[in-house]
Structure formats: C-alpha cells, structure tokens
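Enquirer: Contents of query02.cif (mmCIF, C-alpha atoms):
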data_work
#
loop_
_atom_site.label_atom_id
_atom_site.label_comp_id
_atom_site.auth_asym_id
_atom_site.auth_seq_id
_atom_site.Cartn_x
_atom_site.Cartn_y
_atom_site.Cartn_z
CA MET A 1 0.00 0.00 0.00
CA GLN A 2 1.27 3.44 -0.93
CA LEU A 3 0.04 7.03 -0.76
CA ALA A 4 0.48 9.78 -3.33
CA LEU A 5 -0.36 13.48 -3.02
CA PHE A 6 -1.04 15.37 -6.22
CA GLU A 7 0.30 18.93 -6.03
CA PRO A 8 -0.59 19.59 -2.36
CA ASP A 9 -1.57 23.18 -1.46
CA ILE A 10 -1.19 23.20 2.31
CA PRO A 11 2.14 22.47 4.05
CA GLN A 12 0.46 21.34 7.27
CA ASN A 13 -1.41 18.63 5.36
CA LEU A 14 1.84 17.46 3.78
CA GLY A 15 3.27 17.32 7.30
CA ALA A 16 0.30 15.25 8.47
CA PHE A 17 0.77 12.83 5.57
CA ILE A 18 4.48 12.48 6.30
CA ARG A 19 3.64 11.63 9.89
CA LEU A 20 0.95 9.16 8.75
CA SER A 21 3.42 7.59 6.35
CA ALA A 22 6.06 7.27 9.06
CA CYS A 23 3.74 5.83 11.70
CA LEU A 24 2.04 3.31 9.42
CA ASP A 25 5.17 2.47 7.38
CA VAL A 26 3.60 3.43 4.05
CA HIS A 27 5.60 4.96 1.18
CA LEU A 28 4.49 8.53 0.38
CA HIS A 29 4.86 10.09 -3.07
CA VAL A 30 4.64 13.87 -3.43
CA ILE A 31 3.78 14.94 -6.96
CA GLU A 32 4.92 18.50 -7.55
CA PRO A 33 4.62 21.38 -8.07
CA CYS A 34 3.26 22.10 -4.62
CA GLY A 35 1.24 25.22 -3.81
CA PHE A 36 3.95 26.39 -1.39
CA PRO A 37 7.75 26.53 -1.42
CA VAL A 38 9.12 23.06 -0.75
CA ASP A 39 12.48 22.60 0.86
CA ASP A 40 13.77 20.15 3.46
CA LYS A 41 13.61 22.75 6.23
CA ARG A 42 9.91 23.49 5.62
CA ILE A 43 9.00 19.84 5.21
CA ARG A 44 10.84 18.90 8.41
CA ARG A 45 9.07 21.69 10.30
CA ALA A 46 5.64 20.62 9.00
CA SER A 47 6.26 16.93 9.77
CA MET A 48 7.93 17.53 13.13
CA ASP A 49 10.34 14.75 14.04
CA TYR A 50 8.72 12.16 11.78
CA TYR A 51 10.46 13.10 8.53
CA ASP A 52 13.40 10.75 9.05
CA LEU A 53 11.04 7.86 9.86
CA ALA A 54 9.05 8.27 6.64
CA THR A 55 9.77 7.05 3.14
CA VAL A 56 9.02 10.01 0.90
CA THR A 57 9.70 10.33 -2.81
CA ARG A 58 9.25 13.64 -4.57
CA HIS A 59 8.30 13.70 -8.27
CA ALA A 60 8.71 16.81 -10.43
CA SER A 61 5.40 16.26 -12.25
CA TRP A 62 2.51 13.90 -12.87
CA ALA A 63 4.35 12.49 -15.91
CA ALA A 64 7.50 11.92 -13.84
CA PHE A 65 5.47 10.14 -11.16
CA ARG A 66 3.77 7.88 -13.71
CA ARG A 67 7.11 6.98 -15.32
CA ALA A 68 8.77 6.28 -11.97
CA HIS A 69 5.86 4.18 -10.72
CA LEU A 70 5.65 2.04 -13.85
CA GLU A 71 9.42 1.69 -14.25
CA GLY A 72 9.84 0.81 -10.58
CA CYS A 73 7.33 -1.98 -10.87
CA LEU A 74 8.96 -3.30 -14.04
CA LEU A 75 12.38 -3.31 -12.37
CA GLU A 76 10.94 -5.21 -9.41
CA GLY A 77 9.29 -7.69 -11.77
CA ARG A 78 5.78 -7.05 -10.56
CA PRO A 79 2.72 -5.46 -12.11
CA ALA A 80 1.90 -1.89 -11.13
CA GLY A 81 -0.77 -1.74 -8.46
CA ARG A 82 -4.08 -0.03 -9.05
CA LEU A 83 -4.20 3.72 -8.93
CA VAL A 84 -7.04 4.46 -6.51
CA LEU A 85 -8.19 8.08 -6.52
CA LEU A 86 -9.95 9.50 -3.48
CA THR A 87 -12.40 12.05 -4.83
CA THR A 88 -15.71 13.65 -3.94
CA ALA A 89 -16.74 12.69 -7.50
CA GLY A 90 -15.94 9.02 -6.95
CA ALA A 91 -18.44 6.45 -8.18
CA THR A 92 -17.58 3.86 -5.51
CA PRO A 93 -18.37 4.60 -1.86
CA LEU A 94 -15.64 3.58 0.58
CA PRO A 95 -17.68 0.82 2.28
CA GLU A 96 -17.98 -1.01 -1.07
CA VAL A 97 -14.26 -0.98 -1.95
CA ARG A 98 -12.17 -4.14 -1.77
CA PHE A 99 -8.57 -2.99 -1.53
CA GLN A 100 -5.54 -4.88 -2.80
CA PRO A 101 -2.14 -4.84 -1.03
CA ASP A 102 -0.38 -3.10 -3.93
CA ASP A 103 -2.93 -0.29 -4.34
CA LEU A 104 -1.61 3.25 -4.58
CA LEU A 105 -3.99 5.71 -2.94
CA LEU A 106 -3.94 9.10 -4.70
CA LEU A 107 -5.25 12.32 -3.18
CA GLY A 108 -5.69 15.60 -5.02
CA ARG A 109 -5.06 19.24 -4.24
CA GLU A 110 -7.04 20.66 -1.38
CA SER A 111 -8.23 23.54 -3.56
CA ALA A 112 -9.06 21.78 -6.82
CA GLY A 113 -8.70 17.99 -6.65
CA VAL A 114 -7.05 16.58 -9.77
CA PRO A 115 -7.33 17.44 -13.47
CA ALA A 116 -9.25 15.21 -15.89
CA GLU A 117 -6.03 13.53 -17.11
CA VAL A 118 -5.25 12.30 -13.59
CA HIS A 119 -8.87 11.42 -12.87
CA ASP A 120 -9.00 9.33 -16.04
CA ALA A 121 -5.77 7.51 -15.15
CA ALA A 122 -7.27 6.10 -11.95
CA GLU A 123 -8.54 2.55 -12.11
CA LEU A 124 -10.84 3.13 -9.15
CA ARG A 125 -12.45 6.36 -7.89
CA VAL A 126 -13.48 6.23 -4.25
CA ARG A 127 -15.53 8.67 -2.22
CA VAL A 128 -16.08 8.83 1.50
CA PRO A 129 -19.86 9.04 2.10
CA LEU A 130 -20.79 12.26 3.90
CA LYS A 131 -23.83 13.81 5.50
CA LYS A 132 -26.06 15.60 2.98
CA GLY A 133 -24.91 19.17 2.50
CA ALA A 134 -21.29 18.50 3.58
CA ARG A 135 -18.82 19.18 0.75
CA SER A 136 -15.74 17.25 1.80
CA LEU A 137 -13.39 16.23 4.58
CA ASN A 138 -9.93 17.64 5.07
CA VAL A 139 -7.68 15.74 2.64
CA ALA A 140 -5.45 14.42 5.45
CA LEU A 141 -8.46 13.11 7.37
CA ALA A 142 -9.91 11.44 4.27
CA GLY A 143 -6.52 9.94 3.45
CA ALA A 144 -6.11 8.56 6.97
CA MET A 145 -9.61 7.04 6.92
CA VAL A 146 -9.17 5.33 3.59
CA LEU A 147 -5.61 4.19 4.28
CA SER A 148 -6.73 2.69 7.59
CA GLU A 149 -9.51 0.73 5.91
CA ALA A 150 -7.18 -0.38 3.11
CA LEU A 151 -4.57 -1.60 5.61
CA ARG A 152 -7.25 -3.36 7.67
CA GLN A 153 -8.55 -5.21 4.62
CA THR A 154 -5.09 -6.24 3.40
CA SER A 155 -3.58 -7.20 6.77
CA GLY A 156 -1.26 -4.22 6.46
CA PHE A 157 -1.21 -3.59 10.20
CA LYS A 158 0.31 -6.99 11.06
CA HIS A 159 3.95 -5.85 10.79
CA LEU A 160 3.39 -2.86 13.09
CA ALA A 161 3.81 -2.90 16.86
#
Before anything else, please render the file you have as structure tokens.

Expert:
Amino acid sequence: MQLALFEPDIPQNLGAFIRLSACLDVHLHVIEPCGFPVDDKRIRRASMDYYDLATVTRHASWAAFRRAHLEGCLLEGRPAGRLVLLTTAGATPLPEVRFQPDDLLLLGRESAGVPAEVHDAAELRVRVPLKKGARSLNVALAGAMVLSEALRQTSGFKHLA
C-alpha cells in the first residue's frame, strides 16, 4: 500500500501525511509542483520529528510520477498496483471498496482535486460518504480514513507494533 499526493496546497497537510506515512510504514509520493515553497527545512518543520522515519519520494510532475511508478514496478518484476483516486466525485463509496495490497492511494489538491487527465488515469475512484450538505473532509483526514480501511482489509497492520 502506498500514498500519493497530487500537487498539495497546504504544508500542514503534507506534514500530516508524512507523519501518517512514518507511523504506518507506508511509502508517500509527493507529486509536484506544490502550492507552497518546498524545501527540506519546511518539510521537516511541518512533519515535526517524523520526517526521518518516513519514506518520501518527490516527483517533479505527474508524468515523472507515472514513469517512476511504472518503471519501478517493471524493475521489481511485478505489475503496477491499481491507482485508486480518493475524490468527492468518486463512483464507488468507501464501504464497497475491496482494496488490494499493492494499491496506490492518490489524493488531489485541497483547492481543486485533480485534473481530468489524472482522474481518467485512476482505475478506481473512491468517495467517503458524507452527510447531505457536507462538501468534503480535510484531505489528510480522508486519506487517513481510507488508508486505515485499506490496511485493515489487506492485513497491512500486522507488521506494526
């Protein structure tokens, strides 16, 4: 199981995802450009003392991320896992999803989600059901909810203390 953030807008959310990645031992991909200046000092401040515990890979663009993901899988001799997009426009509600251990959970920008090209690349589009009239959850909260369910379904918590 892996996480990917598409062009995040808010440094505090990136920090929350780095901490989530570190604590649950899940690889985090950051697809740039970000909506804020990104440097090690800022990332370390946002993620507190969890940065060194996390596995974070930065990608210069969506195309660079796609190339790296596909090439990495080919080099490892395994098929690329499904790209699972978390989106308010998702056709599949979270309770109906059956996750696979090699899924890559993708979350969009806080301000605008993802463009059509990214949306179309996803093999599965998942939404968290919300109370009528509520627009969306904070991206870090939604990511934590979905990642937790994905890890539960795939026995991904077993190697943790």

Enquirer: Could you please determine the separation between CA of Glu110 in chain A and CA of Ser155 in chain A in Å, to one decimal place?

Expert: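 Spanning CA of Glu110 in chain A to CA of Ser155 in chain A is a straight-line distance of 29.2 Å.
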
Enquirer: Take the PyMOL selection byres ((chain A and resi 98) around 12), apply it to the structure above, and return the hits as a count of residues only.

Expert: 21

Enquirer: Where does the PyMOL selection byres ((chain A and resi 106) around 10) land in this file, that is, which residues does it pick, as a ChimeraX atom specification?

Expert: /A:2-6,28-31,83-87,103-105,107-108,114,118-119,122,125-126,143

Enquirer: Please report the interatomic distance between CA of Gln12 in chain A and CA of Arg135 in chain A in Å with one decimal.

Expert: 20.5 Å

Enquirer: How far is it from CA of Arg19 in chain A to CA of Ala91 in chain A, in Å with one decimal?

Expert: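 Straight-line distance from CA of Arg19 in chain A to CA of Ala91 in chain A works out to 29.0 Å.
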
Enquirer: Give the answer as one residue: which of A:Ser61, A:His27, A:Thr88, A:Asn13 has the shortest atom-to-atom distance to Leu137 in chain A, using all atoms listed in the file?

Expert: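 Result for the nearest residue to Leu137 in chain A: A:Thr88.
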
Enquirer: With the input short on atoms, add N, CA and C atoms back to range 121-149 of chain A and write it as a short mmCIF file (atom, residue, chain, number, x, y, z; two decimals), in the frame of the given file.

Expert:
data_model
loop_
_atom_site.label_atom_id
_atom_site.label_comp_id
_atom_site.auth_asym_id
_atom_site.auth_seq_id
_atom_site.Cartn_x
_atom_site.Cartn_y
_atom_site.Cartn_z
N ALA A 121 -6.80 8.52 -15.33
CA ALA A 121 -5.77 7.51 -15.15
C ALA A 121 -6.08 6.54 -14.01
N ALA A 122 -6.95 6.94 -13.11
CA ALA A 122 -7.27 6.10 -11.95
C ALA A 122 -8.11 4.90 -12.38
N GLU A 123 -7.78 3.76 -11.83
CA GLU A 123 -8.54 2.55 -12.11
C GLU A 123 -9.78 2.44 -11.23
N LEU A 124 -9.74 3.15 -10.09
CA LEU A 124 -10.84 3.13 -9.15
C LEU A 124 -10.95 4.52 -8.54
N ARG A 125 -12.20 5.03 -8.46
CA ARG A 125 -12.45 6.36 -7.89
C ARG A 125 -13.36 6.18 -6.68
N VAL A 126 -12.81 6.51 -5.52
CA VAL A 126 -13.48 6.23 -4.25
C VAL A 126 -13.90 7.53 -3.58
N ARG A 127 -15.09 7.52 -3.02
CA ARG A 127 -15.53 8.67 -2.22
C ARG A 127 -15.91 8.21 -0.83
N VAL A 128 -15.66 9.07 0.13
CA VAL A 128 -16.08 8.83 1.50
C VAL A 128 -17.51 9.37 1.62
N PRO A 129 -18.49 8.54 1.97
CA PRO A 129 -19.86 9.04 2.10
C PRO A 129 -19.94 10.08 3.22
N LEU A 130 -20.65 11.18 2.94
CA LEU A 130 -20.79 12.26 3.90
C LEU A 130 -22.25 12.62 4.10
N LYS A 131 -22.51 13.29 5.20
CA LYS A 131 -23.83 13.81 5.50
C LYS A 131 -24.27 14.76 4.38
N LYS A 132 -25.54 14.73 4.02
CA LYS A 132 -26.06 15.60 2.98
C LYS A 132 -25.75 17.05 3.32
N GLY A 133 -25.25 17.77 2.32
CA GLY A 133 -24.91 19.17 2.50
C GLY A 133 -23.44 19.41 2.85
N ALA A 134 -22.73 18.37 3.28
CA ALA A 134 -21.29 18.50 3.58
C ALA A 134 -20.53 18.32 2.27
N ARG A 135 -19.57 19.23 2.01
CA ARG A 135 -18.82 19.18 0.75
C ARG A 135 -17.72 18.13 0.76
N SER A 136 -16.87 18.18 1.79
CA SER A 136 -15.74 17.25 1.80
C SER A 136 -15.05 17.29 3.16
N LEU A 137 -14.25 16.28 3.40
CA LEU A 137 -13.39 16.23 4.58
C LEU A 137 -12.05 16.88 4.25
N ASN A 138 -11.31 17.23 5.26
CA ASN A 138 -9.93 17.64 5.07
C ASN A 138 -9.21 16.48 4.38
N VAL A 139 -8.34 16.78 3.42
CA VAL A 139 -7.68 15.74 2.64
C VAL A 139 -6.87 14.78 3.52
N ALA A 140 -6.23 15.29 4.57
CA ALA A 140 -5.45 14.42 5.45
C ALA A 140 -6.36 13.48 6.24
N LEU A 141 -7.51 13.98 6.66
CA LEU A 141 -8.46 13.11 7.37
C LEU A 141 -9.00 12.03 6.45
N ALA A 142 -9.39 12.43 5.23
CA ALA A 142 -9.91 11.44 4.27
C ALA A 142 -8.84 10.40 3.95
N GLY A 143 -7.60 10.87 3.75
CA GLY A 143 -6.52 9.94 3.45
C GLY A 143 -6.29 8.95 4.58
N ALA A 144 -6.32 9.44 5.81
CA ALA A 144 -6.11 8.56 6.97
C ALA A 144 -7.24 7.53 7.09
N MET A 145 -8.47 7.97 6.85
CA MET A 145 -9.61 7.04 6.92
C MET A 145 -9.49 5.93 5.90
N VAL A 146 -9.22 6.31 4.67
CA VAL A 146 -9.17 5.33 3.59
C VAL A 146 -7.95 4.43 3.73
N LEU A 147 -6.81 5.01 4.07
CA LEU A 147 -5.61 4.19 4.28
C LEU A 147 -5.84 3.18 5.40
N SER A 148 -6.46 3.60 6.47
CA SER A 148 -6.73 2.69 7.59
C SER A 148 -7.60 1.52 7.14
N GLU A 149 -8.64 1.80 6.39
CA GLU A 149 -9.51 0.73 5.91
C GLU A 149 -8.75 -0.17 4.93
#
